[in-house]
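Q: File follows, data-v2.tsv with TSV, C-alpha atoms and all ligand atoms:
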chain	number	residue	atom	x	y	z
U	1	MET	CA	0.61	10.77	3.77
U	2	ASN	CA	1.16	7.13	4.67
U	3	PRO	CA	3.82	5.30	2.72
U	4	ASP	CA	2.51	2.46	0.63
U	5	LEU	CA	3.65	-0.56	2.64
U	6	SER	CA	2.52	-2.95	-0.06
U	7	SER	CA	5.23	-1.59	-2.32
U	8	LEU	CA	7.99	-2.64	0.09
U	9	ARG	CA	10.00	-5.41	-1.48
U	10	GLY	CA	10.76	-8.44	0.68
U	11	SER	CA	14.18	-9.59	1.76
U	12	PRO	CA	16.17	-11.43	-0.94
U	13	PHE	CA	17.01	-14.10	1.63
U	14	VAL	CA	13.34	-14.87	2.30
U	15	ALA	CA	12.78	-15.17	-1.47
U	16	LEU	CA	15.77	-17.52	-1.65
U	17	ARG	CA	14.35	-19.77	1.05
U	18	THR	CA	11.05	-19.91	-0.82
U	19	LEU	CA	12.93	-20.94	-3.96
U	20	LEU	CA	15.27	-23.53	-2.48
U	21	ASP	CA	13.67	-24.96	0.64
U	22	PRO	CA	11.26	-27.22	-1.31
U	23	LEU	CA	14.23	-28.66	-3.26
U	24	GLN	CA	16.59	-31.33	-1.95
U	25	PRO	CA	20.27	-31.70	-2.89
U	26	GLN	CA	20.65	-34.96	-4.77
U	27	SER	CA	23.84	-35.96	-3.01
U	28	ASN	CA	25.21	-36.28	0.52
U	29	LEU	CA	27.57	-33.35	0.04
U	30	THR	CA	27.75	-30.96	2.97
U	31	PRO	CA	25.56	-27.95	2.14
U	32	LEU	CA	27.49	-24.67	1.82
U	33	ALA	CA	25.81	-21.26	1.83
U	34	LEU	CA	27.62	-18.64	-0.25
U	35	THR	CA	24.61	-16.34	-0.01
U	36	ILE	CA	25.04	-13.83	2.76
U	37	GLY	CA	27.86	-11.29	2.99
U	38	GLU	CA	28.81	-12.43	6.46
U	39	PRO	CA	32.56	-12.87	6.91
U	40	GLN	CA	33.32	-16.28	8.43
U	41	ASN	CA	36.79	-15.30	9.70
U	42	GLN	CA	36.81	-14.79	13.43
U	43	PRO	CA	37.04	-11.18	14.62
U	44	PRO	CA	40.54	-10.40	15.99
U	45	ASP	CA	41.35	-11.40	19.61
U	46	LEU	CA	41.64	-7.70	20.34
U	47	MET	CA	37.85	-7.42	20.21
U	48	LYS	CA	37.32	-10.21	22.69
U	49	SER	CA	39.90	-8.91	25.15
U	50	VAL	CA	38.45	-5.39	25.17
U	51	LEU	CA	34.91	-6.73	25.61
U	52	GLU	CA	36.12	-8.79	28.57
U	53	GLU	CA	38.04	-5.93	30.16
U	54	THR	CA	35.03	-3.64	29.98
U	55	ASP	CA	32.22	-6.05	30.81
U	56	HIS	CA	31.50	-4.27	34.12
U	57	LEU	CA	30.04	-1.46	31.97
U	58	TYR	CA	27.07	-3.47	30.69
U	59	GLY	CA	25.06	-2.24	33.67
U	60	LYS	CA	25.15	1.35	32.43
U	61	TYR	CA	22.83	2.98	29.94
U	62	PRO	CA	25.03	3.76	26.95
U	63	PRO	CA	25.21	7.26	25.47
U	64	GLY	CA	23.42	7.71	22.14
U	65	ASP	CA	26.47	9.28	20.53
U	66	GLY	CA	28.98	6.60	21.59
U	67	THR	CA	32.08	7.64	23.49
U	68	LYS	CA	34.59	10.37	22.75
U	69	GLU	CA	37.32	7.72	22.57
U	70	GLN	CA	35.31	5.80	19.95
U	71	ARG	CA	34.56	8.90	17.86
U	72	GLN	CA	38.21	9.97	18.04
U	73	ALA	CA	39.39	6.51	16.95
U	74	ILE	CA	36.96	6.72	14.03
U	75	THR	CA	38.19	10.18	13.06
U	76	ASP	CA	41.82	9.05	13.28
U	77	TRP	CA	41.03	6.07	11.04
U	78	LEU	CA	39.30	8.31	8.47
U	79	ASN	CA	42.30	10.65	8.46
U	80	ARG	CA	44.72	7.73	8.01
U	81	ARG	CA	42.69	5.80	5.49
U	82	PHE	CA	41.67	8.73	3.30
U	83	ASP	CA	44.57	11.06	4.01
U	84	LEU	CA	42.39	13.86	5.38
U	85	PRO	CA	43.64	16.97	7.14
U	86	GLU	CA	43.23	16.85	10.95
U	87	ASP	CA	40.69	19.67	11.07
U	88	MET	CA	38.31	18.44	8.36
U	89	ILE	CA	36.28	15.85	10.29
U	90	LEU	CA	35.57	16.68	13.92
U	91	GLU	CA	34.54	13.90	16.26
U	92	ASN	CA	31.88	16.01	17.99
U	93	LYS	CA	30.29	17.37	14.81
U	94	HIS	CA	30.69	15.14	11.81
U	95	ILE	CA	30.58	11.62	13.28
U	96	THR	CA	27.58	9.66	14.49
U	97	PRO	CA	28.38	6.12	15.69
U	98	VAL	CA	25.61	3.67	14.82
U	99	ASN	CA	24.89	0.09	15.79
U	100	GLY	CA	25.56	-1.33	12.34
U	101	THR	CA	25.07	0.72	9.20
U	102	LYS	CA	21.93	-1.15	8.11
U	103	GLU	CA	19.58	0.72	10.41
U	104	ALA	CA	21.38	3.99	9.81
U	105	LEU	CA	21.07	3.63	6.04
U	106	TYR	CA	17.36	3.19	6.61
U	107	MET	CA	16.86	5.95	9.19
U	108	VAL	CA	18.85	8.57	7.38
U	109	ALA	CA	16.23	8.82	4.65
U	110	GLN	CA	13.73	9.80	7.34
U	111	VAL	CA	15.78	12.79	8.44
U	112	ILE	CA	16.61	13.92	4.92
U	113	THR	CA	13.31	13.54	3.15
U	114	ALA	CA	10.43	15.75	4.19
U	115	ARG	CA	7.04	14.14	3.71
U	116	VAL	CA	5.01	16.44	1.54
U	117	SER	CA	1.42	15.92	2.52
U	118	GLY	CA	-1.04	16.02	-0.35
U	119	SER	CA	1.59	16.87	-2.93
U	120	ASN	CA	1.39	15.09	-6.26
U	121	GLU	CA	5.12	15.22	-6.68
U	122	LYS	CA	6.81	13.02	-4.14
U	123	PRO	CA	10.48	13.64	-3.50
U	124	VAL	CA	12.68	11.15	-5.30
U	125	ILE	CA	15.37	8.94	-3.82
U	126	LEU	CA	17.78	7.54	-6.38
U	127	LEU	CA	19.37	4.14	-5.98
U	128	PRO	CA	21.34	1.77	-8.14
U	129	ASN	CA	19.70	-1.33	-9.59
U	130	PRO	CA	20.79	-3.92	-8.32
U	131	TYR	CA	20.90	-2.45	-4.83
U	132	TYR	CA	21.30	-3.27	-1.14
U	133	HIS	CA	17.67	-3.93	-0.20
U	134	VAL	CA	17.59	-1.47	2.70
U	135	TYR	CA	17.88	1.56	0.35
U	136	TYR	CA	14.58	0.74	-1.30
U	137	ALA	CA	12.70	0.29	1.97
U	138	ALA	CA	14.26	3.49	3.29
U	139	ALA	CA	12.98	5.46	0.31
U	140	VAL	CA	9.46	4.03	0.49
U	141	MET	CA	9.11	4.52	4.24
U	142	ALA	CA	10.40	8.09	4.02
U	143	GLY	CA	7.47	8.80	1.70
U	144	ALA	CA	9.74	9.24	-1.33
U	145	GLU	CA	9.57	7.65	-4.73
U	146	PRO	CA	12.44	5.19	-5.18
U	147	VAL	CA	13.88	5.62	-8.66
U	148	LEU	CA	16.13	2.76	-9.66
U	149	LEU	CA	19.00	3.39	-12.02
U	150	ASN	CA	20.35	0.38	-13.87
U	151	ALA	CA	23.98	-0.33	-13.09
U	152	ASN	CA	25.21	-2.25	-16.11
U	153	ARG	CA	28.55	-3.74	-16.99
U	154	ASP	CA	29.26	-1.11	-19.66
U	155	HIS	CA	29.28	1.56	-16.92
U	156	ASN	CA	31.49	-0.32	-14.49
U	157	PHE	CA	28.26	-1.43	-12.77
U	158	PHE	CA	27.43	2.09	-11.61
U	159	PRO	CA	24.42	4.19	-12.71
U	160	ASP	CA	25.04	6.38	-15.73
U	161	LEU	CA	25.03	9.88	-14.23
U	162	THR	CA	24.86	11.56	-17.63
U	163	ALA	CA	21.40	10.02	-18.20
U	164	LEU	CA	19.84	11.85	-15.22
U	165	THR	CA	17.61	14.75	-16.23
U	166	PRO	CA	17.69	18.08	-14.36
U	167	ASP	CA	13.96	17.64	-13.55
U	168	LEU	CA	14.59	14.34	-11.83
U	169	LEU	CA	17.65	15.66	-10.01
U	170	ASP	CA	15.70	18.68	-8.77
U	171	ARG	CA	13.12	16.36	-7.17
U	172	CYS	CA	15.82	14.25	-5.60
U	173	SER	CA	16.34	14.39	-1.82
U	174	ALA	CA	18.98	11.66	-1.61
U	175	PHE	CA	21.05	9.40	-3.82
U	176	TYR	CA	22.35	6.09	-2.45
U	177	LEU	CA	25.56	4.84	-4.00
U	178	CYS	CA	27.73	1.96	-2.86
U	179	SER	CA	31.46	1.71	-3.58
U	180	PRO	CA	32.90	-0.89	-3.66
U	181	SER	CA	29.56	-1.94	-5.05
U	182	ASN	CA	27.49	-4.77	-3.68
U	183	PRO	CA	26.83	-7.13	-5.48
U	184	GLN	CA	29.30	-6.42	-8.31
U	185	GLY	CA	32.46	-5.49	-6.40
U	186	THR	CA	33.46	-2.60	-8.66
U	187	ILE	CA	34.96	0.66	-7.43
U	188	ALA	CA	33.72	4.13	-8.34
U	189	GLY	CA	36.59	6.16	-9.81
U	190	ARG	CA	37.53	9.69	-8.81
U	191	THR	CA	35.88	11.30	-11.83
U	192	TYR	CA	32.64	9.45	-11.20
U	193	LEU	CA	32.57	10.48	-7.55
U	194	GLN	CA	33.43	14.04	-8.48
U	195	GLU	CA	30.46	14.14	-10.85
U	196	ALA	CA	28.12	12.64	-8.25
U	197	LEU	CA	29.27	15.21	-5.70
U	198	ALA	CA	28.84	18.08	-8.17
U	199	LEU	CA	25.27	16.92	-8.91
U	200	ALA	CA	24.44	16.73	-5.19
U	201	ARG	CA	25.59	20.28	-4.69
U	202	ARG	CA	24.04	21.66	-7.85
U	203	HIS	CA	20.66	20.04	-7.27
U	204	ASP	CA	20.62	20.19	-3.48
U	205	PHE	CA	20.33	16.52	-2.57
U	206	VAL	CA	22.33	14.37	-0.16
U	207	LEU	CA	24.85	11.93	-1.55
U	208	ILE	CA	24.75	8.86	0.67
U	209	MET	CA	27.90	6.85	0.05
U	210	ASP	CA	27.74	3.34	1.45
U	211	GLU	CA	31.45	2.52	1.75
U	212	CYS	CA	31.22	-0.45	4.08
U	213	TYR	CA	33.44	-2.57	1.79
U	214	THR	CA	36.15	0.08	1.42
U	215	GLU	CA	38.75	-1.91	3.37
U	216	ILE	CA	38.30	-5.10	1.33
U	217	TYR	CA	40.06	-4.68	-2.00
U	218	ASP	CA	42.19	-6.64	-4.41
U	219	GLN	CA	44.86	-4.20	-5.66
U	220	GLU	CA	44.08	-0.54	-5.04
U	221	ALA	CA	42.40	1.02	-2.03
U	222	PRO	CA	39.05	2.46	-3.17
U	223	THR	CA	38.74	6.23	-3.23
U	224	GLY	CA	36.37	7.49	-0.54
U	225	ILE	CA	33.93	10.34	-1.04
U	226	LEU	CA	35.63	12.30	1.76
U	227	GLU	CA	38.79	12.43	-0.34
U	228	LEU	CA	36.83	14.27	-3.02
U	229	CYS	CA	35.47	16.66	-0.38
U	230	ARG	CA	39.06	17.25	0.79
U	231	ASP	CA	40.19	18.01	-2.76
U	232	GLU	CA	37.38	20.51	-3.15
U	233	GLY	CA	38.22	22.52	-0.05
U	234	GLY	CA	37.09	20.24	2.79
U	235	SER	CA	33.36	20.96	3.05
U	236	VAL	CA	31.24	17.86	3.69
U	237	GLU	CA	27.94	19.56	3.02
U	238	ARG	CA	25.35	17.24	1.41
U	239	VAL	CA	27.67	14.26	1.80
U	240	LEU	CA	27.49	11.24	4.07
U	241	SER	CA	29.93	8.37	4.19
U	242	PHE	CA	28.89	5.10	5.88
U	243	HIS	CA	31.40	2.67	7.39
U	244	SER	CA	31.12	-0.54	9.35
U	245	LEU	CA	33.20	-2.99	11.35
U	246	SER	CA	31.11	-5.86	10.00
U	247	LYS	CA	33.25	-6.45	6.92
U	248	ARG	CA	36.45	-4.61	7.91
U	249	SER	CA	36.92	-6.54	11.15
U	250	SER	CA	34.73	-9.60	10.45
U	251	ALA	CA	32.60	-8.39	13.35
U	252	ALA	CA	29.08	-8.39	11.95
U	253	GLY	CA	27.67	-9.45	15.32
U	254	LEU	CA	29.22	-6.51	17.17
U	255	ARG	CA	26.79	-4.20	15.32
U	256	SER	CA	29.07	-1.22	15.07
U	257	GLY	CA	29.65	1.38	12.41
U	258	PHE	CA	29.34	5.11	11.90
U	259	ILE	CA	28.31	7.82	9.52
U	260	ALA	CA	30.57	10.76	8.77
U	261	GLY	CA	29.75	13.95	6.94
U	262	ASP	CA	27.30	16.84	6.83
U	263	GLU	CA	26.95	18.16	10.37
U	264	LYS	CA	23.26	19.00	9.98
U	265	ILE	CA	22.43	15.42	9.06
U	266	THR	CA	24.75	13.64	11.46
U	267	ARG	CA	23.20	15.76	14.27
U	268	ALA	CA	19.65	15.12	13.04
U	269	LEU	CA	20.29	11.39	12.87
U	270	LEU	CA	21.71	11.47	16.37
U	271	ASN	CA	18.57	13.21	17.53
U	272	LEU	CA	16.30	10.68	15.84
U	273	ARG	CA	18.36	7.80	17.22
U	274	ASN	CA	17.93	9.24	20.71
U	275	PHE	CA	14.18	8.58	20.33
U	276	ALA	CA	14.08	5.58	18.09
U	277	GLY	CA	17.46	3.91	17.96
U	278	ALA	CA	19.34	1.51	20.20
U	279	ALA	CA	22.63	2.87	21.53
U	280	SER	CA	25.65	0.57	21.53
U	281	PRO	CA	26.61	-0.83	24.97
U	282	LEU	CA	29.75	0.77	26.42
U	283	PRO	CA	31.88	-2.40	26.01
U	284	VAL	CA	30.94	-2.38	22.31
U	285	CYS	CA	32.01	1.27	22.04
U	286	ALA	CA	35.34	0.36	23.65
U	287	ALA	CA	35.84	-2.62	21.32
U	288	ALA	CA	34.93	-0.46	18.33
U	289	ALA	CA	37.52	2.15	19.36
U	290	ALA	CA	40.20	-0.56	19.58
U	291	LEU	CA	39.27	-2.03	16.20
U	292	TRP	CA	39.28	1.31	14.37
U	293	GLN	CA	42.74	1.96	15.84
U	294	ASP	CA	44.17	-1.27	14.50
U	295	ASP	CA	44.92	-1.85	10.82
U	296	ALA	CA	46.97	-5.07	11.07
U	297	HIS	CA	43.98	-7.41	11.40
U	298	VAL	CA	42.39	-5.69	8.40
U	299	ALA	CA	45.43	-6.31	6.21
U	300	LEU	CA	45.25	-9.98	7.18
U	301	ASN	CA	41.56	-10.11	6.27
U	302	ARG	CA	42.29	-8.53	2.91
U	303	SER	CA	44.94	-11.10	2.11
U	304	ARG	CA	42.49	-13.92	2.94
U	305	TYR	CA	39.96	-12.53	0.49
U	306	ARG	CA	42.67	-12.21	-2.16
U	307	THR	CA	43.46	-15.88	-1.71
U	308	ASN	CA	39.77	-16.70	-2.15
U	309	ILE	CA	39.63	-14.63	-5.34
U	310	ASP	CA	42.71	-16.51	-6.61
U	311	ILE	CA	40.87	-19.78	-5.98
U	312	ALA	CA	37.77	-18.46	-7.74
U	313	GLU	CA	39.86	-17.36	-10.72
U	314	LYS	CA	41.49	-20.79	-10.94
U	315	HIS	CA	38.10	-22.52	-11.11
U	316	LEU	CA	35.93	-20.01	-12.93
U	317	GLY	CA	38.33	-17.72	-14.80
U	318	GLY	CA	37.38	-17.26	-18.45
U	319	ARG	CA	33.79	-18.41	-17.80
U	320	PHE	CA	30.57	-16.58	-16.92
U	321	GLY	CA	32.10	-13.15	-17.49
U	322	PHE	CA	34.46	-13.79	-14.54
U	323	TYR	CA	36.50	-10.80	-13.36
U	324	ARG	CA	38.45	-10.33	-10.17
U	325	PRO	CA	36.22	-8.06	-8.05
U	326	PRO	CA	38.40	-4.98	-7.38
U	327	GLY	CA	36.58	-4.47	-4.05
U	328	GLY	CA	34.43	-6.43	-1.60
U	329	PHE	CA	34.17	-10.21	-1.53
U	330	PHE	CA	31.42	-11.18	-3.97
U	331	LEU	CA	31.61	-12.77	-7.39
U	332	TRP	CA	28.98	-11.51	-9.80
U	333	LEU	CA	28.74	-14.19	-12.43
U	334	ASP	CA	26.88	-13.90	-15.70
U	335	VAL	CA	25.34	-17.37	-15.88
U	336	GLY	CA	22.49	-16.59	-18.28
U	337	ASP	CA	19.58	-17.41	-15.99
U	338	GLY	CA	20.41	-16.68	-12.36
U	339	VAL	CA	17.35	-18.38	-10.85
U	340	GLU	CA	17.76	-21.61	-12.82
U	341	VAL	CA	21.48	-21.83	-12.06
U	342	THR	CA	20.78	-21.19	-8.37
U	343	LYS	CA	18.41	-24.17	-8.33
U	344	LYS	CA	20.92	-26.31	-10.23
U	345	LEU	CA	23.78	-25.46	-7.86
U	346	TRP	CA	21.63	-26.34	-4.87
U	347	THR	CA	20.26	-29.62	-6.18
U	348	GLU	CA	23.45	-30.84	-7.87
U	349	ALA	CA	26.24	-29.35	-5.72
U	350	ALA	CA	24.51	-28.50	-2.40
U	351	ILE	CA	25.72	-24.91	-2.83
U	352	ARG	CA	23.47	-21.94	-2.10
U	353	VAL	CA	24.08	-18.72	-4.02
U	354	LEU	CA	21.82	-15.70	-4.52
U	355	PRO	CA	20.10	-15.06	-7.86
U	356	GLY	CA	20.93	-11.55	-9.07
U	357	GLU	CA	17.30	-10.73	-9.76
U	358	TYR	CA	16.52	-10.95	-6.05
U	359	LEU	CA	18.70	-7.86	-5.67
U	360	SER	CA	17.21	-5.88	-8.55
U	361	VAL	CA	13.93	-4.88	-10.16
U	362	THR	CA	12.68	-5.09	-13.72
U	363	ASP	CA	12.65	-1.71	-15.45
U	364	GLU	CA	9.86	-0.26	-17.57
U	365	THR	CA	11.32	-1.87	-20.70
U	366	GLY	CA	11.10	-5.33	-19.11
U	367	PHE	CA	14.85	-5.58	-18.50
U	368	ASN	CA	16.15	-6.77	-15.16
U	369	PRO	CA	19.87	-5.99	-14.79
U	370	GLY	CA	20.37	-8.79	-12.24
U	371	ALA	CA	18.48	-11.58	-14.00
U	372	GLN	CA	21.49	-13.08	-15.78
U	373	TYR	CA	23.66	-13.13	-12.69
U	374	ILE	CA	24.31	-14.97	-9.48
U	375	ARG	CA	26.08	-13.48	-6.46
U	376	VAL	CA	28.62	-15.70	-4.72
U	377	ALA	CA	30.03	-14.68	-1.33
U	378	LEU	CA	33.69	-15.67	-0.91
U	379	VAL	CA	33.49	-15.54	2.87
U	380	PHE	CA	34.78	-18.94	4.04
U	381	ASP	CA	38.36	-20.04	4.64
U	382	SER	CA	40.43	-21.09	1.63
U	383	GLU	CA	39.85	-24.81	2.17
U	384	MET	CA	36.09	-24.44	2.10
U	385	MET	CA	36.24	-22.02	-0.81
U	386	GLU	CA	38.34	-24.52	-2.75
U	387	GLU	CA	35.70	-27.17	-2.10
U	388	ALA	CA	32.76	-24.90	-2.92
U	389	LEU	CA	34.22	-23.36	-6.07
U	390	SER	CA	35.42	-26.66	-7.50
U	391	ARG	CA	31.94	-28.12	-6.93
U	392	MET	CA	30.46	-25.11	-8.70
U	393	ALA	CA	32.86	-25.35	-11.63
U	394	ASN	CA	32.04	-29.06	-12.06
U	395	VAL	CA	28.31	-28.56	-12.08
U	396	LEU	CA	28.14	-25.48	-14.29
U	401	LIG	C1	26.12	-2.81	0.78
U	401	LIG	C2	25.88	-2.99	2.23
U	401	LIG	N1	25.65	-1.93	2.99
U	401	LIG	C3	25.43	-2.03	4.32
U	401	LIG	C4	25.43	-3.25	4.94
U	401	LIG	C5	25.11	-3.31	6.41
U	401	LIG	O1	26.16	-3.72	7.19
U	401	LIG	P1	26.13	-3.56	8.78
U	401	LIG	O2	24.74	-3.21	9.20
U	401	LIG	O3	26.54	-4.86	9.31
U	401	LIG	O4	27.08	-2.44	9.09
U	401	LIG	C6	25.68	-4.42	4.20
U	401	LIG	C7	25.66	-5.72	4.84
U	401	LIG	O5	25.64	-6.76	4.25
U	401	LIG	C8	25.92	-4.26	2.80
U	401	LIG	O6	26.19	-5.33	2.02
Step by step, read the file and then write its structure as structure tokens.
Ligand SMILES: Cc1ncc(COP(=O)(O)O)c(C=O)c1O
A:
Amino acid sequence: MNPDLSSLRGSPFVALRTLLDPLQPQSNLTPLALTIGEPQNQPPDLMKSVLEETDHLYGKYPPGDGTKEQRQAITDWLNRRFDLPEDMILENKHITPVNGTKEALYMVAQVITARVSGSNEKPVILLPNPYYHVYYAAAVMAGAEPVLLNANRDHNFFPDLTALTPDLLDRCSAFYLCSPSNPQGTIAGRTYLQEALALARRHDFVLIMDECYTEIYDQEAPTGILELCRDEGGSVERVLSFHSLSKRSSAAGLRSGFIAGDEKITRALLNLRNFAGAASPLPVCAAAAALWQDDAHVALNRSRYRTNIDIAEKHLGGRFGFYRPPGGFFLWLDVGDGVEVTKKLWTEAAIRVLPGEYLSVTDETGFNPGAQYIRVALVFDSEMMEEALSRMANVL
């Protein structure tokens, strides 16, 4: 069975260029792009010094599973961050380093979802709506049916788990969830995660938790899915947790992250990556190990994002359904018509934001949960954020 390539949805950033490139800002203001979730802080000096110290290793083919030092640093970070017992996550069983989580989020659907040739009933992959666009492509290319679950404000911007029927859950091979959520920046609570985990185990699907924003939070550190596994005896069966240095260490260009969890799947992904993935160069593995060992630069990053949220609150508080995002670094503003406001902000304030509907699909009732919103990335330094947010507040 060949997946239906025509049903792949395009990148939201390509759609944005199509929308805005024909339009010109009316003023000479410097254009500012608050579209992509790319931290503009510099990565810590630590990264640069380790890359320099190890640059003689670029000549070597890198191992597909990273280095033991890197996997151990990752395991130590998981244990520290989520207060896990030492023997729960083992570096040689439960961890697969990946070169950025994007590809891994895509590839993992291939190893989980069997293609059922000739069957009328495709397996289902559940994802939130709005969603990170890779989940959708992953489901389609794995030969599964992507089923989008609206994530509305009245459910803390997470899918309503009580609305899922046993029939649907029995067809499900994987469920992508993201906490802190992108684009809304909300955090899944313990009870919610507990329910999601119970469903995965009851209906035999894999819970794929995209936790790449877990280190960026306003007040309380988000609960990770591995904490729930710990509380339930320590088994990580049917659970995967995805983490990245892109947001944590402002190192999106390093392309380094990992997945942790179910041994069968982390091993299968490793195997697939040995055929079809690019391994991280050894200097990158060494830099990744150093970054996972260090928490000080992350605390500094967090405080910068808090400052940016303070600035956003000063300019936009009380308007457009503003709330301080408990996690991540996006504002999700209810502006009424996301596409129109995006055009207005570009032409009148030279600011680029992302319309919410480019991150979501219209459901069978004609409702698109992103249509009213814009996503605003608070990724610049405080001076630029002050400039951008005051321009936005003036124009809106
Ligand atoms: C929700 C979410 N998941 C995963 C990623 C992928 O991050 P990376 O491939 O840099 O680890 C991103 C990047 O923007 C993201 O927003």
Q: Using only C-alpha atoms, which of U:Thr266, U:Gln219, U:Ser173, U:Gln372 sits nearest Val236 (chain U)?
A: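 Among the listed residues, the smallest separation from Val236 (chain U) belongs to U:Thr266.
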Q: Please, which residues are within 8 Å of (22.7, -30.8, -4.9) by the file's coordinates, counting only C-alpha atoms, and could they come as a list in words?
A: Gln24, Pro25, Gln26, Ser27, Leu29, Lys344, Leu345, Trp346, Thr347, Glu348, Ala349, Ala350 and Ile351 of chain U
Q: Please, which residues have at least one atom within 8 Å of an atom of ligand LIG 401 (chain U), using only C-alpha atoms and all ligand atoms, listed as a ChimeraX atom specification?
A: /U:36-38,99-105,131-132,178,181-183,210-213,243-247,252-253,255-257
Q: So how many Å separate CA of Met392 (chain U) and CA of Asn301 (chain U), to one decimal?
A: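 Rounded to one decimal, the two atoms are 23.9 Å apart.
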Q: Using only C-alpha atoms, which residues sit within 9 Å of Leu291 (chain U) once same-chain residues fewer than 4 positions away are excluded, as a PyMOL selection string?
A: chain U and resi 44+46-47+73+245+249+286-287+295+297
Q: Nearest to Val361 (chain U) among U:Arg306, U:His133, U:Arg71, U:His94, with distances taken over all atoms listed in the file: which residue is it?
A: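 Going through U:Arg306, U:His133, U:Arg71, U:His94 one by one, the smallest distance to Val361 (chain U) is for U:His133.
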Q: Name the residues in contact with Pro325 (chain U) at a cut-off of 7 Å, using only C-alpha atoms, excluding same-chain residues fewer than 2 positions from it; report them as a ChimeraX atom specification.
A: /U:185-186,323,327-328,331
Q: Can you tell me which residues surround Cys172 (chain U) at a distance of at most 6 Å, considering only C-alpha atoms, apart from same-chain residues fewer than 4 positions away, and format the answer as a list of chain:residue names?
A: U:Pro123, U:Val124, U:Ile125, U:Phe205
Q: I need every residue sitting at most 12 Å from the point (21.1, 12.5, 2.2) (coordinates as in the file, only C-alpha atoms considered), written as an MDAnalysis selection string.
A: chainID U and resid 104:114 124:127 135 138:139 142 172:177 197 200:201 204:210 236:242 259:266 268:269
Q: Using all atoms listed in the file, which of the listed residues (U:Thr191, U:Arg9, U:Gly234, U:Leu16) sits closest to Lys343 (chain U)?
A: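 When distances to Lys343 (chain U) are compared using all atoms listed in the file, the smallest one comes from U:Leu16.
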Q: Would you compute the distance between CA of Leu226 (chain U) and CA of Ser250 (chain U)? Give it in Å to one decimal.
A: 23.6 Å
Q: Closest to Ile216 (chain U) among U:Leu333, U:Leu78, U:Met88, U:Ile187, using only C-alpha atoms?
A: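 Nearest candidate to Ile216 (chain U) out of U:Leu333, U:Leu78, U:Met88, U:Ile187: U:Ile187.
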Q: Got a sec: who's within 8 Å of Arg375 (chain U), counting all atoms listed in the file, leaving out chain neighbours fewer than 3 positions off, as a count of residues only?
A: 11
Q: If I take CA of Ala251 (chain U) and CA of Thr67 (chain U), how far is one from the other in Å, to one decimal?
A: 19.0 Å
